[in-house]
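Coordinates as given in upload_38.cif (mmCIF, C-alpha atoms):
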data_coords
#
loop_
_atom_site.label_atom_id
_atom_site.label_comp_id
_atom_site.auth_asym_id
_atom_site.auth_seq_id
_atom_site.Cartn_x
_atom_site.Cartn_y
_atom_site.Cartn_z
CA MET A 1 11.85 29.97 12.36
CA LYS A 2 8.96 31.21 14.38
CA LYS A 3 7.74 27.73 15.22
CA ARG A 4 8.48 27.04 18.84
CA PHE A 5 8.65 23.29 18.65
CA TYR A 6 10.80 22.44 15.75
CA PRO A 7 13.05 19.45 16.30
CA GLY A 8 15.53 19.51 13.43
CA VAL A 9 15.85 16.62 11.04
CA GLY A 10 17.80 13.84 12.70
CA GLU A 11 17.61 15.11 16.25
CA GLY A 12 13.81 15.03 16.32
CA ARG A 13 13.86 11.32 16.95
CA LYS A 14 15.42 11.83 20.33
CA MET A 15 12.32 13.65 21.60
CA ASN A 16 14.60 15.69 23.80
CA ASN A 17 13.69 18.38 26.30
CA GLU A 18 12.73 20.95 23.69
CA VAL A 19 9.24 19.49 23.45
CA THR A 20 6.55 19.93 26.04
CA PRO A 21 4.46 17.00 27.30
CA GLU A 22 1.40 18.50 25.58
CA TYR A 23 3.22 18.53 22.26
CA LYS A 24 4.36 14.95 22.73
CA LYS A 25 0.81 13.92 23.53
CA ALA A 26 -0.48 15.50 20.32
CA VAL A 27 2.23 13.70 18.30
CA ILE A 28 1.29 10.37 19.86
CA THR A 29 -2.44 10.90 19.29
CA LEU A 30 -1.95 11.71 15.62
CA LEU A 31 0.48 8.83 15.09
CA TYR A 32 -2.02 6.31 16.48
CA GLN A 33 -4.66 7.56 14.04
CA LEU A 34 -2.31 7.26 11.06
CA ALA A 35 -0.89 3.90 12.16
CA ASP A 36 -4.20 2.25 13.00
CA ASP A 37 -5.76 3.42 9.72
CA ASP A 38 -3.04 1.90 7.57
CA TYR A 39 -2.83 -1.22 9.70
CA LEU A 40 -6.54 -2.04 9.56
CA PHE A 41 -6.76 -1.06 5.93
CA SER A 42 -3.88 -3.35 5.10
CA TYR A 43 -5.59 -6.16 7.00
CA ARG A 44 -8.77 -5.71 4.98
CA GLY A 45 -6.64 -5.77 1.83
CA SER A 46 -4.97 -9.01 2.94
CA GLU A 47 -8.40 -10.63 3.18
CA TRP A 48 -8.68 -10.24 -0.58
CA LEU A 49 -5.66 -12.47 -1.20
CA GLY A 50 -6.56 -15.06 -3.82
CA LEU A 51 -10.00 -13.57 -4.42
CA ALA A 52 -9.38 -10.61 -6.74
CA PRO A 53 -11.02 -10.81 -10.19
CA HIS A 54 -7.87 -11.99 -11.93
CA ILE A 55 -4.43 -13.20 -10.95
CA GLU A 56 -2.54 -10.11 -12.11
CA GLU A 57 -4.71 -7.87 -9.98
CA ASP A 58 -4.39 -10.28 -7.09
CA VAL A 59 -0.62 -9.88 -7.12
CA ALA A 60 -0.73 -6.10 -7.62
CA PHE A 61 -3.32 -5.61 -4.86
CA SER A 62 -1.31 -7.81 -2.48
CA SER A 63 1.82 -5.78 -3.17
CA ILE A 64 -0.03 -2.57 -2.38
CA THR A 65 -1.33 -4.19 0.79
CA GLN A 66 2.22 -5.09 1.82
CA ASP A 67 3.32 -1.51 1.15
CA THR A 68 0.51 -0.24 3.35
CA MET A 69 1.52 -2.59 6.16
CA GLY A 70 5.02 -1.16 5.78
CA HIS A 71 3.59 2.34 6.22
CA ALA A 72 1.78 1.29 9.38
CA LYS A 73 5.07 -0.10 10.65
CA LEU A 74 6.81 3.23 10.07
CA TYR A 75 4.24 4.96 12.28
CA TYR A 76 4.25 2.26 14.98
CA THR A 77 8.04 2.45 15.04
CA LEU A 78 7.84 6.20 15.73
CA LEU A 79 5.45 5.41 18.58
CA GLU A 80 7.91 2.82 19.89
CA GLU A 81 10.62 5.47 19.84
CA LEU A 82 8.35 7.71 21.86
CA GLY A 83 8.14 5.06 24.57
CA GLU A 84 4.71 3.67 23.75
CA GLY A 85 5.85 0.05 23.64
CA ILE A 86 7.05 -2.45 21.03
CA ALA A 87 5.75 -1.67 17.53
CA ASP A 88 4.50 -5.23 16.95
CA SER A 89 2.55 -5.22 20.19
CA LEU A 90 1.08 -1.81 19.47
CA ALA A 91 -0.23 -3.20 16.20
CA GLN A 92 -1.44 -6.54 17.49
CA LEU A 93 -2.45 -6.31 21.12
CA ARG A 94 -4.27 -3.04 21.69
CA PRO A 95 -7.98 -3.56 22.43
CA LYS A 96 -10.75 -1.99 20.41
CA GLU A 97 -11.26 1.00 22.74
CA ASP A 98 -7.62 2.04 22.32
CA ARG A 99 -7.72 2.02 18.52
CA CYS A 100 -7.96 5.27 16.58
CA ASN A 101 -8.72 4.02 13.07
CA SER A 102 -11.63 5.38 11.08
CA LEU A 103 -14.90 3.53 10.57
CA LEU A 104 -14.25 2.98 6.85
CA VAL A 105 -11.25 0.68 7.38
CA GLU A 106 -12.93 -1.57 9.92
CA ARG A 107 -15.86 -2.43 7.67
CA PRO A 108 -15.62 -6.03 6.43
CA ASN A 109 -15.08 -6.61 2.72
CA GLY A 110 -18.57 -8.00 2.37
CA GLU A 111 -20.71 -10.97 3.31
CA GLY A 112 -19.09 -14.15 4.56
CA TYR A 113 -15.59 -14.79 5.89
CA TYR A 114 -12.24 -15.21 4.24
CA LYS A 115 -12.07 -18.94 4.87
CA GLU A 116 -15.79 -19.50 4.50
CA ALA A 117 -17.80 -18.36 1.50
CA PRO A 118 -16.32 -14.88 1.12
CA ASN A 119 -18.87 -13.06 -1.00
CA TYR A 120 -16.89 -9.86 -1.34
CA ASP A 121 -17.80 -7.11 -3.77
CA TRP A 122 -14.99 -5.93 -6.02
CA GLY A 123 -16.82 -2.69 -6.76
CA TYR A 124 -16.88 -1.90 -3.04
CA ALA A 125 -13.17 -2.76 -2.78
CA VAL A 126 -12.29 -0.40 -5.64
CA ALA A 127 -14.47 2.42 -4.31
CA ARG A 128 -13.10 2.03 -0.76
CA ASN A 129 -9.51 1.87 -1.97
CA PHE A 130 -10.00 4.93 -4.14
CA VAL A 131 -11.54 7.02 -1.36
CA TYR A 132 -9.09 5.83 1.30
CA THR A 133 -6.02 6.29 -0.88
CA THR A 134 -6.96 9.79 -2.00
CA ALA A 135 -7.74 10.76 1.61
CA LYS A 136 -4.38 9.34 2.63
CA LYS A 137 -2.67 11.41 -0.03
CA ALA A 138 -4.36 14.58 1.23
CA LYS A 139 -2.94 13.88 4.69
CA ILE A 140 0.51 12.78 3.55
CA ASP A 141 0.91 15.92 1.42
CA ALA A 142 0.07 18.03 4.47
CA LEU A 143 2.31 15.97 6.78
CA LYS A 144 5.33 16.86 4.66
CA ALA A 145 5.16 20.25 6.40
CA SER A 146 4.58 18.85 9.90
CA SER A 147 6.34 20.59 12.79
CA TYR A 148 7.57 17.17 13.96
CA ALA A 149 10.60 16.15 11.88
CA PRO A 150 10.21 12.34 12.14
CA ILE A 151 6.66 12.64 10.79
CA ARG A 152 7.92 14.76 7.92
CA GLU A 153 10.51 12.13 7.07
CA VAL A 154 7.97 9.32 7.17
CA ALA A 155 5.53 11.33 5.02
CA VAL A 156 8.17 11.80 2.33
CA LYS A 157 8.90 8.06 2.37
CA ILE A 158 5.26 7.04 2.18
CA SER A 159 4.44 9.46 -0.62
CA THR A 160 6.87 7.68 -2.94
CA GLU A 161 4.77 4.52 -2.83
CA LEU A 162 1.47 6.32 -2.52
CA TYR A 163 1.92 7.72 -6.03
CA TYR A 164 1.48 4.25 -7.51
CA HIS A 165 -1.33 3.30 -5.13
CA LYS A 166 -3.32 6.33 -6.19
CA MET A 167 -2.59 5.67 -9.88
CA HIS A 168 -3.69 2.04 -9.48
CA TRP A 169 -7.00 2.74 -7.76
CA THR A 170 -7.82 5.78 -9.86
CA THR A 171 -7.41 3.65 -12.99
CA TRP A 172 -9.71 0.94 -11.64
CA PHE A 173 -12.23 3.45 -10.35
CA THR A 174 -12.35 5.40 -13.60
CA GLN A 175 -12.66 2.31 -15.77
CA LEU A 176 -15.36 0.60 -13.74
CA CYS A 177 -17.36 3.82 -13.50
CA SER A 178 -17.37 4.16 -17.25
CA ALA A 179 -17.21 0.61 -18.65
CA THR A 180 -20.80 -0.66 -18.88
CA GLU A 181 -24.14 0.37 -17.45
CA GLU A 182 -23.96 -2.49 -14.98
CA SER A 183 -20.47 -1.63 -13.79
CA ARG A 184 -21.40 2.03 -13.45
CA SER A 185 -24.52 1.38 -11.40
CA ARG A 186 -22.62 -1.04 -9.17
CA MET A 187 -19.87 1.52 -8.67
CA LEU A 188 -22.39 4.21 -7.78
CA ALA A 189 -23.94 1.90 -5.19
CA ALA A 190 -20.50 0.96 -3.84
CA LEU A 191 -19.42 4.59 -3.64
CA GLN A 192 -22.52 5.42 -1.65
CA GLU A 193 -21.69 2.63 0.83
CA VAL A 194 -18.14 3.92 1.20
CA ILE A 195 -19.06 7.59 1.62
CA LYS A 196 -21.67 6.69 4.24
CA ASP A 197 -18.80 5.45 6.45
CA ALA A 198 -16.33 8.23 5.63
CA GLY A 199 -17.54 10.72 8.24
CA ASP A 200 -14.49 10.38 10.49
CA LEU A 201 -11.96 9.62 7.76
CA LEU A 202 -10.62 13.18 7.66
CA SER A 203 -11.31 13.85 11.34
CA PHE A 204 -8.63 14.12 14.02
CA GLY A 205 -11.10 13.47 16.81
CA LYS A 206 -11.59 15.46 19.98
CA THR A 207 -7.98 16.60 20.08
CA ALA A 208 -8.15 18.05 16.56
CA THR A 209 -7.66 21.65 17.70
CA HIS A 210 -4.64 20.72 19.76
CA ILE A 211 -3.06 18.70 16.93
CA THR A 212 -3.54 21.60 14.54
CA ALA A 213 -2.30 24.14 17.10
CA CYS A 214 0.94 22.15 17.40
CA GLU A 215 1.25 22.46 13.61
CA LEU A 216 1.59 18.70 13.24
CA ILE A 217 -0.87 18.81 10.35
CA GLU A 218 -3.29 21.31 8.79
CA SER A 219 -6.86 21.71 10.04
CA GLU A 220 -9.56 19.19 9.14
CA ALA A 221 -11.13 21.77 6.83
CA ALA A 222 -7.85 22.29 4.97
CA ILE A 223 -7.34 18.53 4.58
CA LYS A 224 -10.87 18.25 3.19
CA GLU A 225 -10.01 20.94 0.64
CA ARG A 226 -6.90 19.01 -0.35
CA TRP A 227 -8.97 15.83 -0.74
CA LEU A 228 -11.50 17.61 -2.95
CA ALA A 229 -8.72 18.94 -5.14
CA ILE A 230 -7.31 15.42 -5.52
CA VAL A 231 -10.60 13.66 -6.38
CA THR A 232 -12.29 16.36 -8.47
CA PRO A 233 -10.54 15.55 -11.78
CA THR A 234 -11.49 11.87 -11.43
CA PHE A 235 -15.15 12.53 -10.57
CA GLU A 236 -15.36 15.02 -13.41
CA ALA A 237 -13.84 12.51 -15.84
CA VAL A 238 -16.46 9.90 -15.00
CA GLU A 239 -19.26 12.49 -14.68
CA ILE A 240 -20.18 11.62 -11.13
CA ALA A 241 -21.08 14.35 -8.64
CA ILE A 242 -18.41 14.81 -5.99
CA PRO A 243 -19.82 13.11 -2.89
CA LEU A 244 -20.36 15.08 0.29
CA LEU A 245 -18.62 13.56 3.28
CA PRO A 246 -21.27 13.06 5.99
CA GLU A 247 -21.05 14.00 9.66
CA SER A 248 -19.63 11.08 11.60
CA ILE A 249 -22.11 8.90 13.44
CA ILE A 250 -19.35 7.37 15.54
CA ASN A 251 -15.81 8.73 15.54
CA GLY A 252 -13.07 6.12 15.48
CA ARG A 253 -10.48 8.76 16.37
CA ASN A 254 -12.13 8.94 19.80
CA GLY A 255 -12.08 5.17 20.25
CA GLN A 256 -15.65 4.58 19.08
CA HIS A 257 -15.84 1.39 17.03
CA THR A 258 -18.09 -1.36 15.78
CA ASP A 259 -17.87 -5.07 16.59
CA ASP A 260 -16.32 -5.60 13.17
CA LEU A 261 -13.12 -4.21 14.66
CA THR A 262 -13.22 -6.66 17.57
CA SER A 263 -13.32 -9.67 15.28
CA ALA A 264 -10.69 -8.17 12.98
CA ILE A 265 -8.26 -7.70 15.91
CA GLU A 266 -8.96 -11.23 17.15
CA THR A 267 -8.20 -12.77 13.77
CA MET A 268 -5.15 -10.73 12.89
CA SER A 269 -3.44 -11.10 16.24
CA GLU A 270 -4.23 -14.80 16.71
CA VAL A 271 -0.76 -16.05 15.82
CA TYR A 272 1.05 -13.25 17.65
CA ARG A 273 -0.93 -13.91 20.84
CA SER A 274 -0.31 -17.66 20.60
CA ASP A 275 3.30 -17.14 21.73
CA LEU A 276 4.16 -13.66 22.93
CA ALA A 277 7.76 -14.60 23.70
CA ALA A 278 8.55 -15.96 20.24
CA SER A 279 10.87 -14.04 17.96
CA TRP A 280 9.48 -14.22 14.45
CA MET P 1 -8.69 13.23 -35.22
CA GLU P 2 -5.19 11.88 -35.35
CA LYS P 3 -3.32 13.04 -38.41
CA GLN P 4 -3.00 10.21 -40.93
CA SER P 5 0.41 9.87 -42.46
CA PHE P 6 1.62 7.34 -44.98
CA TYR P 7 4.68 6.35 -42.99
CA GLN P 8 4.29 5.17 -39.43
CA GLU P 9 6.81 4.44 -36.72
CA PHE P 10 7.50 0.82 -35.86
CA GLU P 11 9.56 -0.56 -32.98
CA ILE P 12 11.61 -3.60 -33.99
CA PHE P 13 12.30 -6.55 -31.68
CA SER P 14 14.39 -9.60 -32.51
CA LYS P 15 16.07 -12.60 -30.95
CA ARG P 16 19.41 -14.14 -31.81
CA THR P 17 18.53 -17.80 -31.13
CA PRO P 18 15.19 -19.64 -30.96
CA THR P 19 15.47 -19.91 -27.17
CA SER P 20 16.62 -16.37 -26.33
CA HIS P 21 14.34 -13.47 -25.34
CA PHE P 22 13.12 -10.83 -27.73
CA GLN P 23 15.11 -7.63 -27.40
CA HIS P 24 14.25 -4.20 -28.56
CA GLN P 25 16.57 -3.20 -31.39
CA PHE P 26 15.61 -0.16 -33.46
CA SER P 27 12.77 1.88 -34.86
CA LEU P 28 11.96 2.43 -38.51
CA LEU P 29 9.37 4.03 -40.74
CA ALA P 30 7.07 1.89 -42.88
CA PRO P 31 3.53 2.21 -44.24
CA ASN P 32 2.35 -1.02 -42.52
CA GLY P 33 3.43 -4.04 -40.47
CA GLU P 34 4.26 -6.32 -43.40
CA LEU P 35 6.60 -3.79 -44.92
CA ALA P 36 8.10 -2.99 -41.52
CA LEU P 37 9.02 -6.68 -41.19
CA VAL P 38 10.82 -6.91 -44.49
CA MET P 39 12.54 -3.56 -43.92
CA ALA P 40 13.70 -4.62 -40.46
CA GLN P 41 15.49 -7.68 -41.73
CA GLU P 42 17.53 -6.01 -44.45
CA ASN P 43 18.16 -2.71 -42.71
CA PHE P 44 19.32 -3.96 -39.35
CA MET P 45 19.94 -7.70 -39.39
CA ARG P 46 22.18 -8.26 -42.34
CA ARG P 47 25.26 -9.12 -40.29
CA GLU P 48 24.06 -10.56 -36.96
CA PRO P 49 22.41 -13.97 -36.77
CA VAL P 50 18.68 -13.63 -36.11
CA ALA P 51 16.06 -16.26 -35.20
CA ASP P 52 12.84 -14.21 -35.16
CA ILE P 53 11.52 -10.66 -35.56
CA TRP P 54 8.56 -8.73 -34.14
CA VAL P 55 7.42 -5.31 -35.31
CA VAL P 56 5.08 -3.17 -33.20
CA ASN P 57 3.40 0.01 -34.30
CA ARG P 58 4.51 2.65 -31.81
CA LYS P 59 0.96 3.85 -31.32
CA HIS P 60 0.18 0.44 -29.82
CA LEU P 61 2.79 0.84 -27.11
CA HIS P 62 1.57 1.97 -23.71
CA GLY P 63 4.31 3.64 -21.76
CA LEU P 64 4.70 5.74 -18.66
CA THR P 65 4.66 9.49 -18.94
CA GLN P 66 7.59 11.37 -17.46
CA ASP P 67 5.38 12.19 -14.49
CA ASN P 68 4.06 8.65 -14.04
CA LYS P 69 7.59 7.30 -13.69
CA GLN P 70 7.30 8.32 -10.05
CA ALA P 71 5.12 5.23 -9.68
CA LEU P 72 8.24 3.07 -9.91
CA GLN P 73 9.72 4.30 -6.63
CA ARG P 74 9.54 1.96 -3.70
CA LEU P 75 10.81 1.86 -0.15
CA ASP P 76 13.72 -0.30 0.85
CA ASN P 77 11.76 -2.34 3.40
CA LYS P 78 10.82 -5.39 1.37
CA ASP P 79 13.45 -8.01 2.14
CA TYR P 80 10.60 -10.49 2.41
CA ARG P 81 10.20 -10.30 -1.37
CA THR P 82 13.71 -11.62 -2.00
CA THR P 83 15.47 -14.83 -0.98
CA LYS P 84 18.04 -12.87 1.00
CA GLY P 85 15.21 -11.76 3.26
CA TYR P 86 15.01 -15.33 4.55
CA GLY P 87 18.72 -15.86 5.16
CA TYR P 88 18.16 -15.74 8.91
CA LEU P 89 16.05 -18.92 8.81
CA LYS P 90 19.08 -21.18 8.55
CA LYS P 91 20.46 -19.88 11.82
CA LYS P 92 17.06 -20.22 13.42
CA TRP P 93 16.70 -23.83 12.30
CA ARG P 94 20.14 -24.64 13.66
CA HIS P 95 19.16 -23.11 16.97
CA TYR P 96 15.93 -25.10 17.26
CA GLU P 97 17.56 -28.33 16.14
CA GLN P 98 20.20 -27.80 18.79
CA VAL P 99 17.51 -27.28 21.43
CA MET P 100 15.74 -30.45 20.32
CA LEU P 101 18.98 -32.43 20.43
CA ASP P 102 19.73 -31.12 23.90
CA GLU P 103 16.30 -32.20 25.09
CA LYS P 104 16.85 -35.67 23.67
CA GLU P 105 20.14 -35.90 25.43
CA ILE P 106 18.70 -34.79 28.74
CA LEU P 107 15.91 -37.34 28.39
CA SER P 108 18.47 -40.05 27.65
CA TRP P 109 20.39 -39.09 30.80
CA GLY P 110 17.17 -39.53 32.74
CA GLY P 111 16.79 -43.01 31.25
CA GLY P 112 20.40 -43.83 32.06
CA GLY P 113 19.96 -42.61 35.62
CA LYS P 114 17.10 -45.03 36.16
CA LYS P 115 19.21 -47.91 35.01
CA ASP P 116 21.89 -47.02 37.50
CA GLU P 117 19.54 -47.23 40.44
#
Would it be possible to restate this file's structure as structure tokens?
Amino acid sequence: MKKRFYPGVGEGRKMNNEVTPEYKKAVITLLYQLADDDYLFSYRGSEWLGLAPHIEEDVAFSSITQDTMGHAKLYYTLLEELGEGIADSLAQLRPKEDRCNSLLVERPNGEGYYKEAPNYDWGYAVARNFVYTTAKKAKIDALKASSYAPIREVAVKISTELYYHKMHWTTWFTQLCSATEESRSRMLAALQEVIKDAGDLLSFGKTATHITACELIESEAAIKERWLAIVTPTFEAVEIAIPLLPESIINGRNGQHTDDLTSAIETMSEVYRSDLAASW
Amino acid sequence: MEKQSFYQEFEIFSKRTPTSHFQHQFSLLAPNGELALVMAQENFMRREPVADIWVVNRKHLHGLTQDNKQALQRLDNKDYRTTKGYGYLKKKWRHYEQVMLDEKEILSWGGGGKKDE
């Protein structure tokens, strides 16, 4: 093994003296990006509860959302083991500036609020889920070869459930893009909305070079290639040009966020903050 | 174009009593659904009691490919989807009820104390 930092499976969790502080910092930075993405994305999914086009999809979508929350928990738990604090608090209490999620996951589901006239667009939900899930797969596939053993283990776990998530959203995406003229034009519009926000989705922020140098994950360019390989068959099947990911306007990986994130954090942590000492 | 053949494959389902579930039993070849039904009864259900029969043309069955069976994997972190995931609630209730009872008792002591004075 020529890799210098290579905690073996099982002992990696201890974060013992083999790893330098710089390496640990890179691990933590990457973990926050992965955790916050899945956490926020799961929250947006939960806001669809009871609103999906039919009851069967409502249940399936909710199950996927629960899975995704479980994935976020796996990452937050690794952060807890690295001394960052309690996993629940990391998820619930960190302010906007400390979050590392991408712009795409903090966008609201549409006009209105969950409890008040939610006028959400199912086409946007399908397009966002398709793009997010395929991007997630590109990363998870790469993370299976991470130099940090606990991340490798988590990536293997997550990929078991991700297979179904990708199958689910690819089916929806393909069918809505090719069902009727109306559904196709709405999907094209929705896709455009999603891609507009996807500039930082495959970014690792300002520490990207360091993260890649530590061999925690491949370079941003390599991940983009993986993503293209994953989505190309689907876009070809529905005869839609593969969208170009734009340059990021703001980069969530560097703590740049919109006010949509502020209100999302407020809502989702309301109960947790109401009694910090409670054991749930 | 799919090759047309006279005989087609049918999957046969039946139930033993009017209230039981349909269960998959066998497959057979028949030119159409009506014939599949009458074949099913005499070929496979001559000895067992049977309350109803369904026949389904195999081409109408949607199944998972070998590859897609991966979709069925899930992580063992979903206790909240089963009743056993809520087993801890009983203990929690007992704890809170105990706390409430204790408070009541303490309050009643306070009342008693006043009387003594």
Given the file above and the PyMOL selection byres ((chain P) within 7 of (chain A)), which residues are selected, and can you give them as a PyMOL selection string?
chain P and resi 70-71+73-75
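Take atom CA of A:Pro246 and atom CA of A:Thr134: the distance between them is 16.7 Å.
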Atom-to-atom span, atom CA of P:Ile12 and atom CA of P:Asn68, Å
24.6 Å
So that I can see what lies close to A:Ile211, please list as a count of residues only the residues with an atom at most 12 Å from it, counting all atoms listed in the file and leaving out residues fewer than 2 positions away in the same chain.
30
One-decimal distance in Å that lies between atom CA of P:Val38 and atom CA of P:Gln8:
14.6 Å
Shell around P:Glu48 at 12 Å using only C-alpha atoms, local window under 2 positions removed, as a count of residues only
14
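Comparing P:Asn57, P:Arg94, P:Gly85, P:Val99 by their smallest distance to P:Leu29, the closest is P:Asn57 (using only C-alpha atoms).
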Name the residues that the PyMOL selection byres ((chain A and resi 135) around 9) pulls out of this structure, and write them as a PyMOL selection string.
chain A and resi 130-134+136-140+201-202+223-224+226-227+230-231
I need the output of the PyMOL selection byres ((chain A and resi 61) around 9) for this file as a ChimeraX atom specification; which residues are they?
/A:45-46,48-49,52,56-60,62-66,168
May I have the residues within 7 Å of A:Ala190 as a PyMOL selection string, using all atoms listed in the file and disregarding those fewer than 5 positions away in the same chain?
chain A and resi 123-124+127
Among listed residues A:Tyr75, A:Leu176, A:Glu247, A:Asp36, nearest A:Pro150 (using only C-alpha atoms)
A:Tyr75
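Using all atoms listed in the file, the nearest neighbour of A:Tyr32 within the list A:Met187, A:Arg152, A:Glu116, A:Gly252 is A:Gly252.
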A:Glu106: which residues within 8 Å, counting only C-alpha atoms, same-chain residues fewer than 2 positions away excluded, as a PyMOL selection string?
chain A and resi 40-41+44+101-104+108+258+260-261+264
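Shell of A:Pro95 at 12 Å, with all atoms listed in the file counted and residues fewer than 6 places along the chain excluded, is Asp36, Ser89, Gly255, Gln256, His257, Asp259, Leu261, Thr262, Ser263, Ala264, Ile265, Glu266 and Ser269 of chain A.
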Take stretch 10-63 of chain P from the block and save it with C-alpha atoms, as a tab-separated table (two decimals), in the first residue's frame.
chain	number	residue	atom	x	y	z
P	10	PHE	CA	-50.03	-19.07	-18.09
P	11	GLU	CA	-49.34	-18.78	-14.37
P	12	ILE	CA	-52.03	-20.43	-12.26
P	13	PHE	CA	-53.19	-19.09	-8.89
P	14	SER	CA	-55.81	-20.67	-6.64
P	15	LYS	CA	-57.22	-20.54	-3.14
P	16	ARG	CA	-58.36	-23.40	-0.95
P	17	THR	CA	-61.23	-21.63	0.84
P	18	PRO	CA	-63.29	-18.54	-0.05
P	19	THR	CA	-61.51	-16.52	2.65
P	20	SER	CA	-57.91	-17.60	2.04
P	21	HIS	CA	-55.38	-15.75	-0.15
P	22	PHE	CA	-54.61	-16.65	-3.72
P	23	GLN	CA	-51.40	-18.63	-3.99
P	24	HIS	CA	-49.27	-19.26	-6.99
P	25	GLN	CA	-49.48	-22.94	-7.94
P	26	PHE	CA	-48.16	-23.94	-11.36
P	27	SER	CA	-47.68	-22.87	-14.94
P	28	LEU	CA	-49.24	-24.44	-18.00
P	29	LEU	CA	-49.51	-23.98	-21.74
P	30	ALA	CA	-52.81	-23.00	-23.33
P	31	PRO	CA	-53.89	-21.04	-26.41
P	32	ASN	CA	-55.92	-18.50	-24.36
P	33	GLY	CA	-57.20	-17.62	-20.89
P	34	GLU	CA	-60.47	-19.54	-21.09
P	35	LEU	CA	-58.71	-22.76	-21.99
P	36	ALA	CA	-56.03	-22.12	-19.38
P	37	LEU	CA	-58.79	-21.97	-16.74
P	38	VAL	CA	-60.35	-25.27	-17.66
P	39	MET	CA	-56.95	-26.93	-18.02
P	40	ALA	CA	-55.85	-25.65	-14.62
P	41	GLN	CA	-58.75	-27.24	-12.81
P	42	GLU	CA	-58.37	-30.74	-14.20
P	43	ASN	CA	-54.60	-30.85	-14.42
P	44	PHE	CA	-53.71	-29.59	-10.99
P	45	MET	CA	-56.76	-29.41	-8.73
P	46	ARG	CA	-58.34	-32.79	-9.01
P	47	ARG	CA	-57.46	-33.89	-5.48
P	48	GLU	CA	-57.17	-30.74	-3.34
P	49	PRO	CA	-60.22	-28.69	-2.43
P	50	VAL	CA	-60.27	-25.41	-4.35
P	51	ALA	CA	-62.48	-22.31	-3.96
P	52	ASP	CA	-61.31	-20.12	-6.85
P	53	ILE	CA	-58.78	-19.96	-9.70
P	54	TRP	CA	-56.96	-17.14	-11.50
P	55	VAL	CA	-54.90	-17.55	-14.65
P	56	VAL	CA	-52.44	-14.87	-15.78
P	57	ASN	CA	-50.64	-14.76	-19.08
P	58	ARG	CA	-46.95	-14.69	-18.21
P	59	LYS	CA	-46.33	-11.81	-20.58
P	60	HIS	CA	-48.55	-9.69	-18.34
P	61	LEU	CA	-46.36	-10.27	-15.31
P	62	HIS	CA	-43.88	-7.53	-14.45
P	63	GLY	CA	-40.98	-8.89	-12.48
